[in-house]
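Note: the block below is query06.csv and it holds CSV, C-alpha atoms and all ligand atoms.
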chain,number,residue,atom,x,y,z
C,1,MET,CA,124.1,170.6,156.7
C,2,SER,CA,121.6,168.8,154.5
C,3,ASN,CA,118.0,168.6,155.3
C,4,ARG,CA,118.3,164.9,155.9
C,5,LYS,CA,120.8,165.4,158.7
C,6,THR,CA,118.6,168.1,160.2
C,7,ILE,CA,115.6,165.8,160.3
C,8,ILE,CA,117.7,163.0,161.9
C,9,ASN,CA,119.1,165.5,164.5
C,10,GLN,CA,115.6,166.6,165.3
C,11,LEU,CA,114.4,163.0,165.6
C,12,ALA,CA,117.3,162.3,168.0
C,13,ARG,CA,116.4,165.4,170.1
C,14,GLU,CA,112.7,165.5,170.1
C,15,ARG,CA,111.8,162.0,168.9
C,16,VAL,CA,109.4,163.3,166.4
C,17,ALA,CA,109.3,164.4,162.8
C,18,THR,CA,106.4,164.9,160.4
C,19,HIS,CA,105.2,162.1,158.2
C,20,GLU,CA,106.4,163.9,155.1
C,21,GLU,CA,109.8,164.5,156.5
C,22,LEU,CA,110.2,160.9,157.5
C,23,ALA,CA,109.0,159.6,154.1
C,24,TRP,CA,111.3,161.9,152.2
C,25,LEU,CA,114.2,161.0,154.5
C,26,ILE,CA,113.7,157.3,153.9
C,27,ARG,CA,113.1,157.7,150.1
C,28,THR,CA,116.2,159.8,149.5
C,29,ALA,CA,118.6,158.5,152.1
C,30,ASP,CA,122.2,158.0,150.8
C,31,GLU,CA,125.3,156.7,152.3
C,32,SER,CA,126.0,159.8,154.3
C,33,THR,CA,122.5,159.8,155.7
C,34,LEU,CA,123.0,156.2,156.8
C,35,GLU,CA,126.3,157.1,158.5
C,36,TRP,CA,124.8,160.1,160.2
C,37,ALA,CA,121.8,158.2,161.5
C,38,SER,CA,123.8,155.2,162.7
C,39,GLY,CA,126.4,157.4,164.4
C,40,LEU,CA,123.6,159.1,166.4
C,41,ALA,CA,121.8,155.9,167.0
C,42,ARG,CA,125.0,154.2,168.3
C,43,GLU,CA,125.7,157.2,170.6
C,44,ILE,CA,122.2,157.0,172.1
C,45,THR,CA,122.4,153.2,172.5
C,46,SER,CA,125.7,153.7,174.4
C,47,GLU,CA,124.2,156.2,176.8
C,48,TYR,CA,122.0,153.4,178.3
C,49,TYR,CA,123.8,150.3,177.4
C,50,GLY,CA,127.4,151.1,176.7
C,51,ARG,CA,128.8,148.6,174.2
C,52,ARG,CA,126.9,145.7,175.8
C,53,VAL,CA,124.9,143.3,173.7
C,54,TYR,CA,122.3,141.1,175.3
C,55,LEU,CA,122.2,137.4,174.2
C,56,ARG,CA,118.9,135.5,174.2
C,57,GLY,CA,118.9,131.8,173.4
C,58,LEU,CA,116.2,131.2,170.7
C,59,VAL,CA,114.3,127.8,170.7
C,60,GLU,CA,112.3,127.2,167.6
C,61,VAL,CA,109.7,125.0,169.4
C,62,SER,CA,107.5,124.0,166.5
C,63,ASN,CA,107.0,124.9,162.8
C,64,ARG,CA,103.3,123.9,162.9
C,65,CYS,CA,101.2,126.9,162.1
C,66,ALA,CA,97.5,127.5,161.6
C,67,ARG,CA,97.9,130.8,159.7
C,68,GLY,CA,98.5,131.6,156.1
C,69,CYS,CA,100.6,134.7,156.0
C,70,TYR,CA,101.6,135.2,152.4
C,71,TYR,CA,105.3,135.9,153.2
C,72,CYS,CA,106.1,133.1,155.6
C,73,GLY,CA,107.3,129.5,154.8
C,74,LEU,CA,105.6,128.1,157.9
C,75,ARG,CA,102.1,128.9,156.5
C,76,THR,CA,99.6,126.0,156.7
C,77,GLU,CA,99.4,125.8,152.9
C,78,ASN,CA,103.0,124.9,152.6
C,79,LEU,CA,102.8,121.2,152.2
C,80,ASP,CA,106.5,120.8,151.3
C,81,LEU,CA,107.6,121.4,154.9
C,82,GLU,CA,108.2,118.5,157.2
C,83,ARG,CA,106.4,119.6,160.4
C,84,TYR,CA,107.9,119.1,163.9
C,85,GLU,CA,107.3,119.9,167.5
C,86,LEU,CA,109.9,119.6,170.2
C,87,SER,CA,108.9,117.6,173.3
C,88,GLU,CA,108.8,119.3,176.7
C,89,GLU,CA,112.0,117.4,177.6
C,90,GLU,CA,113.7,118.6,174.5
C,91,ILE,CA,112.8,122.2,175.1
C,92,LEU,CA,113.9,122.1,178.7
C,93,GLU,CA,117.1,120.4,177.8
C,94,CYS,CA,118.2,122.9,175.2
C,95,CYS,CA,117.3,125.8,177.5
C,96,LEU,CA,119.1,124.3,180.5
C,97,ARG,CA,122.2,123.7,178.3
C,98,ALA,CA,122.1,127.3,176.9
C,99,CYS,CA,121.9,128.7,180.4
C,100,LYS,CA,123.9,126.4,182.6
C,101,GLU,CA,126.6,125.6,180.1
C,102,GLY,CA,126.4,128.6,177.8
C,103,GLY,CA,125.8,131.1,180.6
C,104,LEU,CA,122.7,132.8,179.1
C,105,ARG,CA,120.0,134.3,181.4
C,106,SER,CA,117.3,134.8,178.8
C,107,VAL,CA,115.6,132.3,176.5
C,108,VAL,CA,112.9,132.8,173.8
C,109,LEU,CA,110.5,130.1,172.9
C,110,GLN,CA,109.1,130.7,169.5
C,111,GLY,CA,106.7,128.7,167.2
C,112,GLY,CA,103.9,128.9,164.8
C,113,GLU,CA,100.5,130.1,165.9
C,114,ARG,CA,98.0,127.5,167.0
C,115,SER,CA,95.0,127.5,169.4
C,116,ASN,CA,95.9,124.3,171.2
C,117,LEU,CA,99.2,125.4,172.9
C,118,SER,CA,98.0,126.9,176.1
C,119,GLU,CA,98.6,124.0,178.5
C,120,ARG,CA,101.8,122.8,176.9
C,121,VAL,CA,103.4,126.2,176.9
C,122,ALA,CA,102.3,127.0,180.4
C,123,SER,CA,103.8,123.7,181.7
C,124,VAL,CA,107.1,124.2,180.1
C,125,VAL,CA,107.3,127.8,181.3
C,126,ARG,CA,106.6,126.7,184.9
C,127,LYS,CA,109.3,124.0,184.7
C,128,LEU,CA,111.8,126.5,183.3
C,129,LYS,CA,111.1,129.0,186.0
C,130,ALA,CA,111.3,126.3,188.7
C,131,ALA,CA,114.6,125.1,187.4
C,132,MET,CA,116.1,128.6,186.7
C,133,PRO,CA,114.2,131.4,188.5
C,134,ASP,CA,116.7,134.0,187.4
C,135,VAL,CA,116.3,133.3,183.7
C,136,ALA,CA,114.0,135.6,181.7
C,137,VAL,CA,111.5,133.7,179.6
C,138,THR,CA,110.1,135.2,176.4
C,139,LEU,CA,107.3,133.7,174.4
C,140,SER,CA,106.4,134.1,170.7
C,141,PHE,CA,103.4,132.1,169.5
C,142,GLY,CA,101.4,134.7,167.6
C,143,GLU,CA,98.0,135.9,168.5
C,144,GLN,CA,96.3,134.1,171.4
C,145,GLU,CA,93.2,134.7,173.5
C,146,PRO,CA,93.7,137.1,176.4
C,147,GLU,CA,93.1,134.2,178.8
C,148,VAL,CA,96.0,132.3,177.2
C,149,TYR,CA,98.3,135.2,177.5
C,150,ALA,CA,97.2,135.5,181.1
C,151,LEU,CA,97.8,131.9,181.8
C,152,TRP,CA,101.4,132.0,180.4
C,153,ARG,CA,102.1,135.2,182.4
C,154,ASP,CA,100.9,133.5,185.6
C,155,ALA,CA,103.2,130.6,184.7
C,156,GLY,CA,106.1,133.0,184.8
C,157,ALA,CA,106.6,134.3,181.3
C,158,ASP,CA,108.3,137.7,181.3
C,159,ARG,CA,108.1,138.9,177.7
C,160,TYR,CA,106.2,138.3,174.5
C,161,LEU,CA,107.2,139.0,170.9
C,162,LEU,CA,104.4,139.7,168.4
C,163,ARG,CA,105.6,141.7,165.4
C,164,HIS,CA,102.8,143.9,164.1
C,165,GLU,CA,104.4,143.3,160.6
C,166,THR,CA,103.3,146.7,159.2
C,167,ALA,CA,101.8,149.8,160.8
C,168,SER,CA,99.3,150.3,157.9
C,169,LYS,CA,96.0,148.4,158.0
C,170,GLU,CA,95.7,148.5,154.2
C,171,HIS,CA,99.2,147.1,153.9
C,172,TYR,CA,98.5,144.5,156.5
C,173,ASN,CA,95.6,143.2,154.5
C,174,LEU,CA,97.9,142.8,151.4
C,175,LEU,CA,100.3,140.6,153.5
C,176,HIS,CA,97.7,138.4,155.2
C,177,PRO,CA,94.7,136.4,154.3
C,178,LYS,CA,91.2,137.7,155.2
C,179,SER,CA,91.0,135.6,158.3
C,180,MET,CA,93.6,137.9,160.0
C,181,SER,CA,93.0,141.4,161.1
C,182,TYR,CA,95.2,144.3,161.8
C,183,GLU,CA,92.9,145.4,164.6
C,184,HIS,CA,93.2,142.1,166.4
C,185,ARG,CA,96.9,142.1,166.2
C,186,ILE,CA,97.1,145.6,167.8
C,187,GLU,CA,94.5,144.5,170.4
C,188,SER,CA,96.8,141.6,171.2
C,189,LEU,CA,99.7,144.0,171.7
C,190,ASP,CA,97.5,146.0,174.1
C,191,VAL,CA,96.5,143.0,176.1
C,192,LEU,CA,100.1,141.9,176.5
C,193,HIS,CA,101.0,145.3,177.9
C,194,GLU,CA,98.1,145.3,180.3
C,195,LEU,CA,99.1,141.8,181.5
C,196,GLY,CA,102.6,143.2,182.4
C,197,TYR,CA,104.6,141.5,179.7
C,198,GLN,CA,107.5,143.4,178.2
C,199,ARG,CA,106.4,143.3,174.6
C,200,GLY,CA,108.2,143.2,171.3
C,201,ALA,CA,106.6,144.6,168.2
C,202,GLY,CA,108.3,144.7,164.8
C,203,PHE,CA,108.2,144.7,161.1
C,204,MET,CA,109.8,143.6,157.9
C,205,VAL,CA,111.7,146.0,155.7
C,206,GLY,CA,111.0,145.8,152.0
C,207,SER,CA,108.0,143.5,152.3
C,208,PRO,CA,105.8,143.5,149.1
C,209,PHE,CA,103.8,146.7,148.5
C,210,GLN,CA,105.7,148.6,151.1
C,211,THR,CA,106.8,152.1,150.2
C,212,GLU,CA,108.5,154.8,152.2
C,213,ARG,CA,105.1,155.9,153.4
C,214,GLU,CA,104.6,152.7,155.2
C,215,LEU,CA,108.2,152.9,156.6
C,216,ALA,CA,107.5,156.4,157.9
C,217,LEU,CA,104.3,155.1,159.5
C,218,GLU,CA,106.5,152.5,161.3
C,219,ILE,CA,108.5,155.2,163.1
C,220,GLU,CA,105.3,157.1,164.1
C,221,PHE,CA,103.5,154.0,165.2
C,222,LEU,CA,106.4,152.7,167.3
C,223,GLY,CA,106.8,156.1,168.9
C,224,ARG,CA,103.2,155.9,170.1
C,225,LEU,CA,103.2,152.2,171.1
C,226,GLN,CA,106.4,152.4,173.1
C,227,PRO,CA,107.2,148.7,173.0
C,228,GLU,CA,110.1,147.5,175.1
C,229,MET,CA,111.5,145.5,172.1
C,230,VAL,CA,111.5,145.9,168.4
C,231,GLY,CA,112.4,143.2,165.8
C,232,ILE,CA,113.3,144.6,162.4
C,233,GLY,CA,114.6,142.5,159.5
C,234,PRO,CA,114.6,142.5,155.7
C,235,PHE,CA,111.9,140.6,153.9
C,236,ILE,CA,113.4,137.6,152.2
C,237,PRO,CA,111.2,135.6,149.8
C,238,GLN,CA,110.4,132.0,150.5
C,239,SER,CA,110.0,129.7,147.5
C,240,ALA,CA,106.9,127.9,148.8
C,241,THR,CA,104.8,131.1,149.4
C,242,PRO,CA,102.7,133.4,147.3
C,243,PHE,CA,105.5,136.0,147.6
C,244,ALA,CA,108.1,133.6,146.2
C,245,GLY,CA,109.1,135.8,143.3
C,246,MET,CA,109.0,139.1,145.1
C,247,LYS,CA,111.9,141.5,145.6
C,248,ARG,CA,113.9,141.1,148.8
C,249,GLY,CA,114.3,143.9,151.3
C,250,GLY,CA,117.5,146.0,151.3
C,251,VAL,CA,120.1,145.6,153.9
C,252,GLU,CA,120.9,149.3,153.9
C,253,GLN,CA,117.3,150.3,154.3
C,254,THR,CA,117.0,147.8,157.2
C,255,LEU,CA,120.0,149.4,158.9
C,256,LEU,CA,118.5,152.9,158.4
C,257,MET,CA,115.2,151.7,160.0
C,258,ILE,CA,117.0,150.2,162.9
C,259,SER,CA,118.8,153.6,163.5
C,260,LEU,CA,115.6,155.6,163.1
C,261,VAL,CA,113.7,153.3,165.5
C,262,ARG,CA,116.6,153.7,168.0
C,263,LEU,CA,116.3,157.5,167.8
C,264,VAL,CA,112.6,157.4,168.8
C,265,LEU,CA,113.0,154.6,171.3
C,266,PRO,CA,116.4,155.2,173.0
C,267,LYS,CA,116.1,152.5,175.6
C,268,ALA,CA,114.5,149.8,173.5
C,269,LEU,CA,116.0,146.3,173.1
C,270,ILE,CA,116.5,145.9,169.4
C,271,PRO,CA,117.9,142.7,168.0
C,272,ALA,CA,120.2,142.4,165.1
C,273,THR,CA,117.9,139.8,163.6
C,274,THR,CA,118.6,136.4,161.9
C,275,ALA,CA,117.0,137.8,158.7
C,276,LEU,CA,119.6,140.6,158.7
C,277,ALA,CA,122.4,138.1,159.3
C,278,SER,CA,121.0,135.9,156.5
C,279,ALA,CA,120.9,138.8,154.1
C,280,ASP,CA,124.4,140.0,154.7
C,281,GLU,CA,127.5,138.1,155.9
C,282,SER,CA,128.3,140.9,158.3
C,283,GLY,CA,124.6,141.7,159.0
C,284,THR,CA,124.9,141.1,162.8
C,285,ILE,CA,127.7,143.5,163.4
C,286,LYS,CA,126.3,146.1,160.9
C,287,GLY,CA,123.0,145.9,162.9
C,288,LEU,CA,124.8,146.5,166.1
C,289,ARG,CA,126.6,149.5,164.6
C,290,ALA,CA,123.3,150.9,163.5
C,291,GLY,CA,121.9,150.8,167.0
C,292,ALA,CA,120.8,147.2,167.7
C,293,ASN,CA,121.8,145.8,171.1
C,294,VAL,CA,120.5,142.2,171.2
C,295,ILE,CA,121.5,139.0,169.5
C,296,MET,CA,119.4,135.8,169.6
C,297,PRO,CA,121.6,132.8,169.0
C,298,ASN,CA,119.7,129.8,167.9
C,299,VAL,CA,119.9,127.0,170.5
C,300,THR,CA,117.4,124.7,168.9
C,301,PRO,CA,118.7,121.1,168.4
C,302,THR,CA,120.5,121.2,165.0
C,303,ARG,CA,118.4,118.5,163.3
C,304,TYR,CA,115.2,120.6,163.4
C,305,ARG,CA,116.7,123.9,162.1
C,306,GLU,CA,116.3,123.3,158.4
C,307,ALA,CA,112.5,122.8,158.9
C,308,TYR,CA,112.0,126.2,160.5
C,309,ALA,CA,112.1,127.6,157.0
C,310,ILE,CA,110.4,131.1,157.4
C,311,TYR,CA,112.4,132.4,154.4
C,312,ASP,CA,115.0,130.9,152.0
C,313,GLY,CA,118.6,130.9,153.0
C,314,LYS,CA,117.9,131.3,156.7
C,315,LYS,CA,121.2,131.3,158.6
C,316,SER,CA,121.5,128.8,161.5
C,317,SER,CA,125.0,128.7,162.7
C,318,GLY,CA,126.0,126.2,165.3
C,319,THR,CA,125.6,128.4,168.3
C,320,GLU,CA,123.7,125.7,170.2
C,321,SER,CA,127.0,124.6,171.7
C,322,MET,CA,129.1,126.2,174.3
C,323,GLU,CA,131.7,126.7,171.6
C,324,GLY,CA,129.2,128.6,169.5
C,325,ILE,CA,128.3,131.0,172.2
C,326,ALA,CA,132.0,131.4,173.0
C,327,ALA,CA,132.7,132.1,169.3
C,328,LEU,CA,130.0,134.7,169.3
C,329,GLN,CA,131.4,136.4,172.4
C,330,ALA,CA,134.8,136.5,170.6
C,331,GLU,CA,133.3,138.0,167.4
C,332,LEU,CA,131.5,140.7,169.4
C,333,GLN,CA,134.8,141.5,171.2
C,334,ARG,CA,136.6,141.9,167.9
C,335,ALA,CA,134.0,144.3,166.7
C,336,GLY,CA,134.3,146.4,169.9
C,337,PHE,CA,131.2,145.1,171.7
C,338,SER,CA,130.8,142.9,174.7
C,339,ALA,CA,128.3,140.0,175.3
C,340,ALA,CA,126.1,140.8,178.3
C,341,MET,CA,125.0,137.6,180.0
C,342,GLU,CA,122.3,139.1,182.1
C,343,ARG,CA,118.5,139.0,181.7
C,344,GLY,CA,118.5,142.3,179.8
C,345,ASP,CA,115.2,143.7,180.9
C,346,HIS,CA,114.1,147.1,179.6
C,347,PRO,CA,115.5,149.7,182.0
C,348,ASP,CA,112.1,151.3,182.7
C,349,PHE,CA,110.3,148.1,183.2
C,350,VAL,CA,108.6,147.8,186.5
C,351,ARG,CA,106.8,144.5,187.1
C,352,PRO,CA,103.2,145.3,187.7
C,353,THR,CA,101.5,143.8,190.7
C,354,GLY,CA,97.9,143.6,189.7
C,355,LYS,CA,96.3,141.0,187.5
C,356,LEU,CA,94.1,141.9,184.5
C,357,ASN,CA,90.4,141.5,185.2
C,358,LEU,CA,89.2,139.3,182.3
C,401,LIG,N1,111.3,137.3,155.3
C,401,LIG,C1,111.6,138.0,156.4
C,401,LIG,N2,111.0,137.8,157.6
C,401,LIG,C2,110.0,137.0,157.7
C,401,LIG,N3,109.1,136.7,158.7
C,401,LIG,C3,108.2,135.8,158.2
C,401,LIG,N4,108.4,135.6,156.9
C,401,LIG,C4,109.5,136.3,156.6
C,401,LIG,C5,110.2,136.5,155.3
C,401,LIG,N5,109.8,135.8,154.2
C,401,LIG,C6,109.2,137.3,160.0
C,401,LIG,C7,107.9,137.9,160.4
C,401,LIG,C8,107.5,137.1,161.6
C,401,LIG,C9,108.8,136.6,162.1
C,401,LIG,C10,108.6,135.3,162.8
C,401,LIG,O1,109.5,136.3,160.9
C,401,LIG,O2,108.1,139.3,160.7
C,401,LIG,O3,106.8,137.9,162.6
Represent the structure from my file as C-alpha cells, please.
Ligand code: 5AD
Amino acid sequence: MSNRKTIINQLARERVATHEELAWLIRTADESTLEWASGLAREITSEYYGRRVYLRGLVEVSNRCARGCYYCGLRTENLDLERYELSEEEILECCLRACKEGGLRSVVLQGGERSNLSERVASVVRKLKAAMPDVAVTLSFGEQEPEVYALWRDAGADRYLLRHETASKEHYNLLHPKSMSYEHRIESLDVLHELGYQRGAGFMVGSPFQTERELALEIEFLGRLQPEMVGIGPFIPQSATPFAGMKRGGVEQTLLMISLVRLVLPKALIPATTALASADESGTIKGLRAGANVIMPNVTPTRYREAYAIYDGKKSSGTESMEGIAALQAELQRAGFSAAMERGDHPDFVRPTGKLNL
C-alpha cells in the first residue's frame, strides 16, 4: 500500500497526521489517492447519515457589503454591481414558500457584512420563528459585534456560517485588506460557539498564494476548532476584483479536501457548495461522493440572483420553485442519495441553556 493510503487510513482511524504528512499527501495526490480518500470519507459519512443529504434553502438577502476582500465580487469597491436588499416581506415570502410548498425545514439567510443590520435581521428571524417554529434558521452576515450575535441568537437563530477563509494568518493578510484581521475572525467564531450557535467555518481551495502547506493547516485547524459545519469550495476569479486574473482552484483538489475534512470531522455537516457546482457540471454529485452531505438550493427571487456575483459564472438554477426542489430530489435519487427534509442539526449538538455574559 502506498504511503498516501497509509496516511489517509491513519487520518480515518485517529483523525490526525503530521503537518508534513498532510502537506505531502495533498501535494502528491493522484487519482487513486482521491478514490481512496473519498471511499473512506463516504463510508464514514454513511455511518452517521446513511445516504441522506440535507437541503437548506439559501436566501441571498443583500449584496451590499462594507468589506473589501480581494477575492469577492461583493466588495465595496466594485462599483459595477447593482446593489439590492430584499425587504422583510420578500425574505419571509421566499422562506415560507421554500418550507411550506417545497417542504424544507432549514433556511439560510446570507448577505454582505455591514454594521447596521442588527434590528432588521433580528426582526426577520423572530417572524420566521413565529411562523415556522420547527424550521432551523442559519445566518451568515460576516463578522458582527458579540452583542449583535447575541441579539440574533435570542431572536431564535440556530446556526451561523462564518468561513475563516484560510487557517494561516499570513495568508489571511494576503487575501484581505488591512482593516480585517485573522484574530478577529477567529474570535468571532469563538463567540458564536459560546453563544450556542452551531457554527460553520470554511475555506476556499486554490485561493491566490495558497500552497499545500496552507491546505494541510486547514485540516489541523478544523480538527482543533471542531465546527459543526464546514463550507469548502474552489476559488473562482471574479472579473471586478483585484484577483481577476488569478488561477482558479481545482475541482479535484476541492474534492480531496472535502474527503480529508470528513475524515477528521466524521459528523460534520459539509455542503457540496455552489462554487463546486459552478466549477464542474457534476460538482454537486461529485461533492456528495467525496463526503459532503448538504445541498443549499438557492431560493432567492430569481430577479436578484445575477447581482449576487461573488465570483464569475456562479450557478443559480431555478430551485426556488417547488419543481426545482422536486427536480433536485430526483437527481439525488438517481445518484443513489436521498433528500432529507429535516432540520439537519449536528448529531452532537445540545442546545445550551445559559446566556453569555457580555
Ligand atoms: N471564489 C470562490 N469563493 C468565493 N467566496 C468569495 N469570493 C469567492 C470567489 N471568488 C466565498 C468565500 C465567502 C463565501 C461567501 O464565498 O469563502 O466566505
**Message:** Given all atoms listed in the file as the basis, pick out the residue of C:Tyr71, C:Tyr197, C:Phe349, C:Phe221 nearest to Leu139 of chain C.
**Reply:**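 So, comparing all the options, the nearest one is C:Tyr197.
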**Request:** Excluding Arg15 of chain C and residues on its chain fewer than 5 positions from it, collect all residues at most 10 Å away from it, counting all atoms listed in the file, and give them as a ChimeraX atom specification.
**Result:** /C:8-10,219-220,223,260-266
Environment of ligand LIG 401 (chain C) within 7 Å, counting all atoms listed in the file, reported as a CSV table (one decimal) with C-alpha atoms, in the coordinates of the input:
chain,number,residue,atom,x,y,z
C,71,TYR,CA,105.3,135.9,153.2
C,72,CYS,CA,106.1,133.1,155.6
C,73,GLY,CA,107.3,129.5,154.8
C,162,LEU,CA,104.4,139.7,168.4
C,163,ARG,CA,105.6,141.7,165.4
C,165,GLU,CA,104.4,143.3,160.6
C,202,GLY,CA,108.3,144.7,164.8
C,203,PHE,CA,108.2,144.7,161.1
C,204,MET,CA,109.8,143.6,157.9
C,233,GLY,CA,114.6,142.5,159.5
C,234,PRO,CA,114.6,142.5,155.7
C,235,PHE,CA,111.9,140.6,153.9
C,236,ILE,CA,113.4,137.6,152.2
C,237,PRO,CA,111.2,135.6,149.8
C,238,GLN,CA,110.4,132.0,150.5
C,275,ALA,CA,117.0,137.8,158.7
C,310,ILE,CA,110.4,131.1,157.4
C,311,TYR,CA,112.4,132.4,154.4
**Prompt:** Taking (108.1, 121.6, 165.7) in the file's coordinates, which residues come within 10 Å, counting only C-alpha atoms, written as a PyMOL selection string?
**Reply:** chain C and resi 60-65+82-87+110-112+304-305+307-308
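Using all atoms listed in the file, the nearest neighbour of Pro177 of chain C within the list C:Glu228, C:Glu218, C:Glu77, C:Glu93 is C:Glu77.
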**For segment 268-270 of chain C: contacts at 7 Å, all atoms listed in the file, fewer than 3 positions along chain excluded, given as a list in words** =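 Those residues are Glu228, Met229, Val230, Gly231, Leu265, Ala292, Asn293, Val294 and His346 of chain C.
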**Request:** Find the distance between atom CA of Leu25 of chain C and atom CA of Gly250 of chain C and write it in Å to one decimal.
**Result:**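 Separating atom CA of Leu25 of chain C from atom CA of Gly250 of chain C is a distance of 15.7 Å.
Using all atoms listed in the file, the contacts of Lys127 of chain C at a cut-off of 12 Å, with sequence neighbours closer than 6 positions omitted, comprise Glu88, Glu89, Ile91, Leu92, Glu93, Cys95, Leu96, Arg120, Val121, Pro133, Val135, Val137, Ala155, Gly156 and Ala157 of chain C.
When all atoms listed in the file are used to measure the gap to Gly344 of chain C, the shortest distance among C:Glu119, C:Asp30, C:Asp134, C:Glu183 belongs to C:Asp134.
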**Fill in**
The distance between atom CA of Leu175 of chain C and atom CA of Lys315 of chain C is 23.4 Å
Name all residues at most 8 Å from Leu40 of chain C (count all atoms listed in the file; drop same-chain ones fewer than 4 positions away) and give them as a compact mmCIF listing (two decimals) with C-alpha atoms, in the frame of the given file.
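around.txt, freshly written:
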# COMPACT_ATOMS: atom_id res chain seq x y z
CA ALA C 12 117.30 162.30 168.00
CA TRP C 36 124.80 160.10 160.20
CA ILE C 44 122.20 157.00 172.10
CA SER C 259 118.80 153.60 163.50
CA LEU C 263 116.30 157.50 167.80
**Item:** Gap from atom CA of Phe243 of chain C to atom CA of Tyr70 of chain C - Å, one decimal
**Value:** 6.2 Å
**Request:** Within 7 Å of Val59 of chain C, counting all atoms listed in the file, which residues show up once you throw out same-chain ones fewer than 5 positions away? Write them as a ChimeraX atom specification, please.
**Result:** /C:108-110,298-300
**Item:** Residue nearest Ser2 of chain C - candidates C:Ile232, C:Ser32, C:Glu187, C:Val16, atoms counted: only C-alpha atoms
**Value:**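 Result for the nearest residue to Ser2 of chain C: C:Ser32.
Of the residues listed (C:Ala279, C:Ala130, C:Asn173, C:Asp348), C:Asp348 shows the shortest atom-to-atom separation from Pro227 of chain C; distances use all atoms listed in the file.
The smallest atom-to-atom distance between Glu43 of chain C and any of C:Arg289, C:Arg4, C:His164, C:Arg248, using all atoms listed in the file, is found for C:Arg289.
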Give me segment 82-87 of chain C with all heavy atoms filled in, as a compact mmCIF listing (two decimals), in the coordinates of the input.
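Below is the file rebuild_38.txt, written as the result:
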# COMPACT_ATOMS: atom_id res chain seq x y z
N GLU C 82 108.36 119.60 156.25
CA GLU C 82 108.20 118.50 157.20
C GLU C 82 107.92 119.21 158.59
O GLU C 82 108.71 120.04 159.04
CB GLU C 82 109.44 117.71 157.33
CG GLU C 82 109.17 116.30 157.79
CD GLU C 82 110.45 115.47 157.75
OE1 GLU C 82 111.05 115.36 156.66
OE2 GLU C 82 110.83 114.98 158.82
N ARG C 83 106.81 118.88 159.20
CA ARG C 83 106.40 119.60 160.40
C ARG C 83 106.99 118.88 161.64
O ARG C 83 107.08 117.64 161.67
CB ARG C 83 104.91 119.69 160.53
CG ARG C 83 104.25 120.38 159.33
CD ARG C 83 104.47 121.88 159.35
NE ARG C 83 104.03 122.50 158.09
CZ ARG C 83 103.86 123.81 157.95
NH1 ARG C 83 104.08 124.65 158.93
NH2 ARG C 83 103.46 124.30 156.78
N TYR C 84 107.38 119.64 162.65
CA TYR C 84 107.90 119.10 163.90
C TYR C 84 107.47 119.83 165.08
O TYR C 84 107.00 120.96 164.98
CB TYR C 84 109.47 119.06 163.83
CG TYR C 84 110.06 120.44 164.06
CD1 TYR C 84 110.35 120.90 165.34
CD2 TYR C 84 110.31 121.29 162.98
CE1 TYR C 84 110.89 122.17 165.55
CE2 TYR C 84 110.84 122.55 163.19
CZ TYR C 84 111.12 122.99 164.48
OH TYR C 84 111.64 124.25 164.69
N GLU C 85 107.61 119.19 166.19
CA GLU C 85 107.30 119.90 167.50
C GLU C 85 108.24 119.28 168.51
O GLU C 85 108.29 118.05 168.69
CB GLU C 85 105.86 119.65 167.84
CG GLU C 85 105.52 120.29 169.15
CD GLU C 85 104.01 120.39 169.39
OE1 GLU C 85 103.22 120.01 168.50
OE2 GLU C 85 103.65 120.85 170.47
N LEU C 86 108.99 120.10 169.20
CA LEU C 86 109.90 119.60 170.20
C LEU C 86 109.04 119.09 171.42
O LEU C 86 107.99 119.65 171.73
CB LEU C 86 110.80 120.70 170.76
CG LEU C 86 111.76 121.38 169.79
CD1 LEU C 86 112.78 122.22 170.57
CD2 LEU C 86 112.51 120.40 168.94
N SER C 87 109.53 118.06 172.07
CA SER C 87 108.90 117.60 173.30
C SER C 87 109.23 118.54 174.42
O SER C 87 110.20 119.31 174.31
CB SER C 87 109.33 116.19 173.62
OG SER C 87 110.69 116.22 174.00
